[in-house]
Each structure stands twice: as C-alpha cells, then as structure tokens.
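*Asks:* Data file my_file35.tsv (TSV, C-alpha atoms) is appended below.
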chain	number	residue	atom	x	y	z
A	1	HIS	CA	102.18	140.66	146.40
A	2	GLN	CA	101.67	137.07	145.25
A	3	ASN	CA	99.44	138.23	142.39
A	4	LYS	CA	102.09	140.67	141.23
A	5	PHE	CA	104.72	137.96	141.41
A	6	ASP	CA	102.52	135.60	139.42
A	7	GLU	CA	102.00	138.32	136.83
A	8	ALA	CA	105.75	138.89	136.65
A	9	VAL	CA	106.34	135.18	136.06
A	10	GLU	CA	103.75	135.13	133.30
A	11	GLU	CA	105.37	138.16	131.67
A	12	TYR	CA	108.74	136.46	131.87
A	13	LYS	CA	107.29	133.33	130.26
A	14	LYS	CA	105.95	135.46	127.43
A	15	SER	CA	109.36	137.09	127.00
A	16	LEU	CA	111.02	133.68	126.85
A	17	ALA	CA	108.51	132.57	124.23
A	18	LEU	CA	109.14	135.68	122.16
A	19	ILE	CA	112.90	135.75	122.70
A	20	PRO	CA	114.12	132.19	123.31
A	21	GLN	CA	117.71	133.44	123.49
A	22	LEU	CA	116.87	134.99	126.89
A	23	ALA	CA	116.71	131.50	128.38
A	24	PHE	CA	120.15	130.64	126.99
A	25	THR	CA	121.49	133.95	128.29
A	26	ARG	CA	120.21	133.30	131.81
A	27	VAL	CA	121.70	129.80	131.84
A	28	ASN	CA	125.01	131.23	130.66
A	29	LEU	CA	124.75	133.88	133.37
A	30	GLY	CA	124.28	131.10	135.92
A	31	LEU	CA	127.39	129.37	134.61
A	32	ALA	CA	129.31	132.63	134.82
A	33	TYR	CA	128.26	133.03	138.46
A	34	TYR	CA	129.40	129.49	139.17
A	35	ARG	CA	132.79	130.10	137.58
A	36	GLN	CA	133.12	133.19	139.76
A	37	LYS	CA	132.78	130.88	142.78
A	38	LYS	CA	129.21	132.08	143.32
A	39	ALA	CA	127.70	128.60	143.31
A	40	GLU	CA	124.38	129.43	144.96
A	41	GLU	CA	123.67	132.34	142.62
A	42	GLY	CA	124.58	130.22	139.61
A	43	ILE	CA	122.39	127.28	140.57
A	44	THR	CA	119.51	129.57	141.50
A	45	GLU	CA	119.70	131.35	138.14
A	46	ILE	CA	119.55	128.10	136.17
A	47	LYS	CA	116.83	126.61	138.35
A	48	GLU	CA	114.76	129.74	137.77
A	49	VAL	CA	115.01	129.21	134.01
A	50	ILE	CA	113.86	125.60	134.45
A	51	ARG	CA	110.96	126.73	136.65
A	52	VAL	CA	109.78	129.23	134.06
A	53	LYS	CA	110.64	127.05	131.08
A	54	PRO	CA	110.30	123.38	132.12
A	55	GLY	CA	111.98	120.85	129.87
A	56	PHE	CA	114.65	123.27	128.65
A	57	SER	CA	117.40	120.76	127.89
A	58	TYR	CA	120.25	123.28	127.82
A	59	ALA	CA	119.44	124.36	131.39
A	60	HIS	CA	119.24	120.78	132.69
A	61	TYR	CA	122.50	119.88	130.95
A	62	ASN	CA	124.43	122.79	132.45
A	63	LEU	CA	122.94	122.26	135.88
A	64	GLY	CA	124.17	118.68	135.53
A	65	ILE	CA	127.68	119.96	134.79
A	66	ILE	CA	127.63	122.06	137.96
A	67	TYR	CA	126.39	119.19	140.11
A	68	GLU	CA	128.99	116.85	138.61
A	69	ASP	CA	131.70	119.41	139.36
A	70	GLN	CA	130.43	119.49	142.97
A	71	SER	CA	130.58	115.66	143.09
A	72	LYS	CA	126.79	115.51	143.53
A	73	MET	CA	126.51	112.58	141.16
A	74	ALA	CA	122.90	111.60	141.86
A	75	GLU	CA	121.76	115.16	141.11
A	76	ALA	CA	124.00	115.33	138.03
A	77	ILE	CA	122.57	112.06	136.68
A	78	ASN	CA	119.06	113.36	137.20
A	79	GLU	CA	119.76	116.60	135.31
A	80	TYR	CA	121.46	114.83	132.40
A	81	GLN	CA	118.52	112.43	132.21
A	82	GLU	CA	116.12	115.37	132.20
A	83	ALA	CA	118.12	116.99	129.38
A	84	ILE	CA	117.93	113.76	127.37
A	85	LYS	CA	114.23	113.38	128.14
A	86	ALA	CA	113.64	116.85	126.68
A	87	ASN	CA	116.04	116.25	123.78
A	88	PRO	CA	116.86	112.56	123.13
A	89	GLU	CA	119.56	113.55	120.65
A	90	TYR	CA	121.51	115.68	123.14
A	91	ALA	CA	124.90	114.09	122.44
A	92	LEU	CA	126.84	115.98	125.13
A	93	ALA	CA	124.34	114.98	127.81
A	94	HIS	CA	124.59	111.32	126.76
A	95	ASN	CA	128.38	111.55	126.84
A	96	ASN	CA	128.52	113.16	130.30
A	97	LEU	CA	126.02	110.69	131.69
A	98	GLY	CA	128.14	107.88	130.28
A	99	ILE	CA	131.23	109.23	132.04
A	100	ILE	CA	129.46	109.14	135.41
A	101	TYR	CA	128.22	105.60	134.78
A	102	GLN	CA	131.77	104.60	133.84
A	103	LYS	CA	133.10	106.02	137.12
A	104	GLN	CA	130.41	104.06	138.96
A	105	GLY	CA	131.48	100.84	137.26
A	106	LYS	CA	128.27	100.59	135.24
A	107	THR	CA	129.98	99.44	132.06
A	108	GLU	CA	126.95	98.56	129.95
A	109	GLU	CA	125.08	101.73	130.86
A	110	ALA	CA	128.16	103.80	130.05
A	111	LEU	CA	128.63	102.14	126.66
A	112	ASN	CA	124.95	102.66	125.85
A	113	GLU	CA	125.22	106.39	126.58
A	114	PHE	CA	128.43	106.82	124.57
A	115	THR	CA	126.85	104.93	121.67
A	116	GLU	CA	123.76	107.15	121.82
A	117	ALA	CA	126.04	110.20	121.85
A	118	ILE	CA	127.71	109.04	118.62
A	119	LYS	CA	124.35	108.26	117.00
A	120	SER	CA	123.34	111.87	117.67
A	121	ASN	CA	126.71	113.35	116.73
A	122	SER	CA	129.07	111.10	114.78
A	123	GLY	CA	131.82	113.70	115.13
A	124	LEU	CA	131.85	113.73	118.94
A	125	ILE	CA	135.47	112.66	119.39
A	126	ASN	CA	135.32	112.32	123.18
A	127	ALA	CA	132.60	109.68	122.93
A	128	TYR	CA	134.87	107.42	120.83
A	129	PHE	CA	137.68	107.98	123.34
A	130	ASN	CA	135.37	107.12	126.23
A	131	ILE	CA	134.25	103.91	124.53
A	132	GLY	CA	137.93	103.05	124.16
A	133	LYS	CA	138.50	103.61	127.89
A	134	VAL	CA	135.57	101.38	128.88
A	135	HIS	CA	136.83	98.54	126.68
A	136	GLN	CA	140.41	99.08	127.85
A	137	TYR	CA	139.41	98.73	131.52
A	138	SER	CA	137.41	95.62	130.60
A	139	LYS	CA	140.50	94.24	128.82
A	140	LYS	CA	138.61	94.08	125.55
A	141	TYR	CA	141.66	95.34	123.75
A	142	GLN	CA	140.58	94.94	120.13
A	143	GLU	CA	137.41	96.94	120.77
A	144	ALA	CA	139.48	99.58	122.57
A	145	ILE	CA	141.90	99.79	119.64
A	146	ALA	CA	139.03	100.27	117.17
A	147	ALA	CA	137.51	103.08	119.27
A	148	TYR	CA	140.79	104.92	119.82
A	149	LYS	CA	141.64	104.67	116.12
A	150	LEU	CA	138.31	106.25	115.22
A	151	ALA	CA	139.00	109.10	117.67
A	152	ILE	CA	142.46	109.64	116.15
A	153	LYS	CA	141.06	109.47	112.62
A	154	LEU	CA	138.67	112.29	113.50
A	155	SER	CA	141.38	114.24	115.30
A	156	PRO	CA	144.91	113.15	114.25
A	157	GLY	CA	146.56	115.18	117.01
A	158	TYR	CA	144.43	113.75	119.83
A	159	LYS	CA	147.23	113.17	122.36
A	160	MET	CA	145.17	111.36	124.99
A	161	ALA	CA	143.83	108.87	122.45
A	162	ILE	CA	147.32	108.32	121.01
A	163	SER	CA	148.75	107.74	124.48
A	164	GLU	CA	145.97	105.32	125.50
A	165	LEU	CA	146.24	103.43	122.22
A	166	ALA	CA	149.95	102.95	122.91
A	167	ASN	CA	149.03	101.71	126.40
A	168	VAL	CA	146.63	99.18	124.90
A	169	TYR	CA	149.34	97.80	122.62
A	170	LEU	CA	151.65	97.56	125.64
A	171	ALA	CA	148.99	95.68	127.59
A	172	LEU	CA	148.33	93.37	124.65
A	173	GLY	CA	152.04	92.66	124.38
A	174	GLU	CA	152.28	91.81	128.07
A	175	GLU	CA	149.27	89.52	127.73
A	176	ASN	CA	150.88	87.71	124.82
A	177	ILE	CA	154.13	87.32	126.78
A	178	LYS	CA	152.17	85.67	129.62
A	179	ASN	CA	150.50	83.42	127.06
A	180	LYS	CA	153.94	82.53	125.64
A	181	LYS	CA	153.29	84.24	122.32
A	182	PRO	CA	156.44	86.39	121.97
A	183	GLU	CA	156.12	86.94	118.22
A	184	GLU	CA	152.61	88.34	118.68
A	185	ALA	CA	153.93	90.53	121.52
A	186	ILE	CA	156.58	91.92	119.18
A	187	ALA	CA	153.87	92.74	116.64
A	188	ASN	CA	151.89	94.53	119.38
A	189	TYR	CA	154.90	96.59	120.47
A	190	LYS	CA	155.70	97.53	116.88
A	191	GLU	CA	152.13	98.77	116.46
A	192	GLY	CA	152.60	100.80	119.63
A	193	ILE	CA	155.75	102.36	118.18
A	194	LYS	CA	153.88	103.32	115.01
A	195	ILE	CA	151.31	105.14	117.12
A	196	LYS	CA	153.74	106.75	119.56
A	197	PRO	CA	157.31	106.58	118.20
A	198	ASN	CA	158.85	108.40	121.19
A	199	ASP	CA	157.43	106.14	123.92
A	200	GLU	CA	160.50	104.65	125.62
A	201	ARG	CA	158.34	102.09	127.50
A	202	VAL	CA	157.46	100.30	124.28
A	203	TYR	CA	161.11	100.02	123.26
A	204	ILE	CA	162.02	98.61	126.69
A	205	SER	CA	159.29	95.96	126.39
A	206	LEU	CA	160.34	95.18	122.83
A	207	GLY	CA	163.97	94.81	123.92
A	208	LYS	CA	163.03	92.39	126.68
A	209	VAL	CA	161.13	90.16	124.25
A	210	TYR	CA	164.05	90.12	121.86
A	211	LEU	CA	166.31	89.04	124.76
A	212	LEU	CA	163.87	86.22	125.57
A	213	LEU	CA	164.17	85.06	121.97
A	214	GLY	CA	167.96	85.34	122.04
A	215	LYS	CA	167.95	88.18	119.49
A	216	LYS	CA	170.69	90.24	121.12
A	217	ARG	CA	171.28	92.74	118.29
A	218	GLU	CA	167.57	93.58	117.99
A	219	ALA	CA	167.36	93.92	121.78
A	220	GLU	CA	170.32	96.32	121.84
A	221	ASN	CA	168.74	98.44	119.12
A	222	ALA	CA	165.46	98.61	121.03
A	223	PHE	CA	167.21	99.57	124.29
A	224	LYS	CA	169.23	102.21	122.44
A	225	LYS	CA	165.98	103.75	121.19
A	226	ALA	CA	164.64	103.74	124.76
A	227	CYS	CA	167.84	105.49	125.87
A	228	ASP	CA	167.45	108.07	123.09
A	229	PHE	CA	163.95	108.83	124.35
A	230	GLY	CA	165.03	109.42	127.94
A	231	ASN	CA	165.23	106.06	129.73
A	232	LYS	CA	168.58	106.35	131.52
A	233	LYS	CA	168.61	102.70	132.63
A	234	ALA	CA	168.47	101.60	129.01
A	235	CYS	CA	171.67	103.55	128.29
A	236	LYS	CA	173.85	101.16	130.34
Please lay out the structure from this file as structure tokens.
*Replies:*
Amino acid sequence: HQNKFDEAVEEYKKSLALIPQLAFTRVNLGLAYYRQKKAEEGITEIKEVIRVKPGFSYAHYNLGIIYEDQSKMAEAINEYQEAIKANPEYALAHNNLGIIYQKQGKTEEALNEFTEAIKSNSGLINAYFNIGKVHQYSKKYQEAIAAYKLAIKLSPGYKMAISELANVYLALGEENIKNKKPEEAIANYKEGIKIKPNDERVYISLGKVYLLLGKKREAENAFKKACDFGNKKACK
C-alpha cells in the first residue's frame, strides 16, 4: 500500500508541475472549506499542497491567514515568513506579518514589514495606512500624517484613512494646547476640518480654543457647526 501511495504522490507532483494552476485550485478549495466552517478539512487541504509542493508561497500565505483568524499567531507568523522566504516580494505576506508585529507591540519589525510590502507593491494602500497607524500610536504625528495622505492620494475615498488623519490632527491640536500653542492648535483643527468637514469633534475643539483666546464670535461659529453635524450639547 505504501508503494502505491508513494506512486500516487509522485503522479500528483507531476500533475502540479504540468498544471501549476492545480496547486492554486487546491489552496482555494482549502480556503472554501475553512469559510464553510470546516477548519480541519481546509487546513489539511492546504498542508497537502505544501507537502507535495514545498515552498509554494501562495499556500503558506493562505495558511497564515487561517491561523491568524484562529488567533494562532506563532503559526501565522511562521507561515507568512515561509511565504516571504519562497517569494521575498510577496507584498501581502509582508503586510499581514507587519500587522501581527504591530499587535504584539513590535514597532520596528512592523514598520520594516510594511516598508517591504510597499517596495514590492507601491500601490498597496493598506500598507501606507498601517504605517500611519504605527506612527500614530507612537505619537509621531507628522510621519503618520504623511502616510495617511499617501493612502488617501492612492484612494481618495479611503474612509478609514480619512478618519484616522482627522484623529491625528485632533491629537496634534490637543498636544499644542498642552504646550500653550493655541494658534498652532487652531491650524491643526482647520487641517482636520479640510480632511473631514463633517466631524463635529474638530469643531468642538476649535470652539474651545477660540474661547481660550477670547474670540467669542469664532467660538460660536465653530460650536454652531458642531451642532449642525449632530452634537446636541453644542446647540445650547
């Protein structure tokens, strides 16, 4: 029986060599099983492809996705690393690996992976967004702004990047208030309004700065805008 099994494996290897698309199909079948809540069948299918075709980056990458979804981060990291080892320019694998490192607080490793992702695919919008998030958490606001702006330039309707960029301008404004730089805070809030004109939080912050500076009319206008965009407290 073992000889027959070995022969079958060899035949399968030949088929994969002749029809590479079969390997992709089996990986996709494994993913389909997983999405049908048949995790074991899905993982087994993909692992079988890897066994027959070692170093197949697409299989390692998708196995990594499954493990990440199962919160098996060590296994996911290993599979993404294997995918990158087989294909150093696998942008999506770099990006996903970076996300895990970011969650683990490994800032430098995360930035390195996101940067590698962009080197391999300069149009990978999520990688720019993820760089922005890393810098935002590290309070490196100018770097975060640059990354988010690049993401928005590539995809003008990118809502998450627009929202986070507005959050960065809010944070910068608050920082400048603490540092007793109200005029710079106003400039930050105005930039935030340019990015997200319907964000009532920015108008509230802007109004408060104007009050600090004794600019009552400007403060009232800012609070009115906040009211218009749904902040009931600003309507009083």
*Asks:* Using only C-alpha atoms, find the one residue out of A:Ser205, A:Asn167, A:Asn231, A:Gln70 that sits nearest to A:Ala219.
*Replies:* A:Ser205
*Asks:* One decimal, in Å: what's the spacing between atom CA of A:Gly123 and atom CA of A:Ala146?
*Replies:* 15.4 Å
*Asks:* Name the closest residue to A:Lys139 among the candidates A:Tyr61, A:Phe114, A:Tyr158, A:Tyr169; distances are taken between atoms, counting only C-alpha atoms.
*Replies:*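 Of A:Tyr61, A:Phe114, A:Tyr158, A:Tyr169, the one nearest A:Lys139 is A:Tyr169, counting only C-alpha atoms.
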*Asks:* Counting all atoms listed in the file, figure out which residue out of A:Met73, A:Val209, A:Leu150, A:Leu31 gets nearest to A:Ser122.
*Replies:*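 Among A:Met73, A:Val209, A:Leu150, A:Leu31, it is A:Leu150 that comes nearest to A:Ser122.
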*Asks:* Given all atoms listed in the file as the basis, pick out the residue of A:Ile77, A:Val134, A:Ala91, A:Val27 nearest to A:Gly64.
*Replies:* A:Ile77
*Asks:* In terms of the shortest atom-to-atom distance over all atoms listed in the file, which of A:Ile99, A:Ile204, A:Val52, A:Ala151 is closest to A:Cys227?
*Replies:*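 Using all atoms listed in the file, the shortest distance to A:Cys227 belongs to A:Ile204.
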*Asks:* Counting all atoms listed in the file, what is within 12 Å of stretch 45-50 of chain A, bar same-chain residues fewer than 3 positions away, as an mmCIF file with C-alpha atoms, in the frame of the given file?
*Replies:*
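Resulting contents of selection-v4.cif:
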data_model
loop_
_atom_site.group_PDB
_atom_site.id
_atom_site.type_symbol
_atom_site.label_atom_id
_atom_site.label_comp_id
_atom_site.auth_asym_id
_atom_site.auth_seq_id
_atom_site.Cartn_x
_atom_site.Cartn_y
_atom_site.Cartn_z
ATOM 1 C CA VAL A 9 106.340 135.180 136.060
ATOM 2 C CA TYR A 12 108.740 136.460 131.870
ATOM 3 C CA LYS A 13 107.290 133.330 130.260
ATOM 4 C CA SER A 15 109.360 137.090 127.000
ATOM 5 C CA LEU A 16 111.020 133.680 126.850
ATOM 6 C CA PRO A 20 114.120 132.190 123.310
ATOM 7 C CA GLN A 21 117.710 133.440 123.490
ATOM 8 C CA LEU A 22 116.870 134.990 126.890
ATOM 9 C CA ALA A 23 116.710 131.500 128.380
ATOM 10 C CA PHE A 24 120.150 130.640 126.990
ATOM 11 C CA THR A 25 121.490 133.950 128.290
ATOM 12 C CA ARG A 26 120.210 133.300 131.810
ATOM 13 C CA VAL A 27 121.700 129.800 131.840
ATOM 14 C CA ASN A 28 125.010 131.230 130.660
ATOM 15 C CA LEU A 29 124.750 133.880 133.370
ATOM 16 C CA GLY A 30 124.280 131.100 135.920
ATOM 17 C CA LEU A 31 127.390 129.370 134.610
ATOM 18 C CA ALA A 32 129.310 132.630 134.820
ATOM 19 C CA TYR A 33 128.260 133.030 138.460
ATOM 20 C CA TYR A 34 129.400 129.490 139.170
ATOM 21 C CA LYS A 38 129.210 132.080 143.320
ATOM 22 C CA ALA A 39 127.700 128.600 143.310
ATOM 23 C CA GLU A 40 124.380 129.430 144.960
ATOM 24 C CA GLU A 41 123.670 132.340 142.620
ATOM 25 C CA GLY A 42 124.580 130.220 139.610
ATOM 26 C CA LYS A 53 110.640 127.050 131.080
ATOM 27 C CA PRO A 54 110.300 123.380 132.120
ATOM 28 C CA GLY A 55 111.980 120.850 129.870
ATOM 29 C CA PHE A 56 114.650 123.270 128.650
ATOM 30 C CA SER A 57 117.400 120.760 127.890
ATOM 31 C CA TYR A 58 120.250 123.280 127.820
ATOM 32 C CA ALA A 59 119.440 124.360 131.390
ATOM 33 C CA HIS A 60 119.240 120.780 132.690
ATOM 34 C CA TYR A 61 122.500 119.880 130.950
ATOM 35 C CA ASN A 62 124.430 122.790 132.450
ATOM 36 C CA LEU A 63 122.940 122.260 135.880
ATOM 37 C CA GLY A 64 124.170 118.680 135.530
ATOM 38 C CA ILE A 65 127.680 119.960 134.790
ATOM 39 C CA ILE A 66 127.630 122.060 137.960
ATOM 40 C CA TYR A 67 126.390 119.190 140.110
ATOM 41 C CA GLU A 79 119.760 116.600 135.310
ATOM 42 C CA GLU A 82 116.120 115.370 132.200
ATOM 43 C CA ALA A 83 118.120 116.990 129.380
ATOM 44 C CA ALA A 86 113.640 116.850 126.680
#
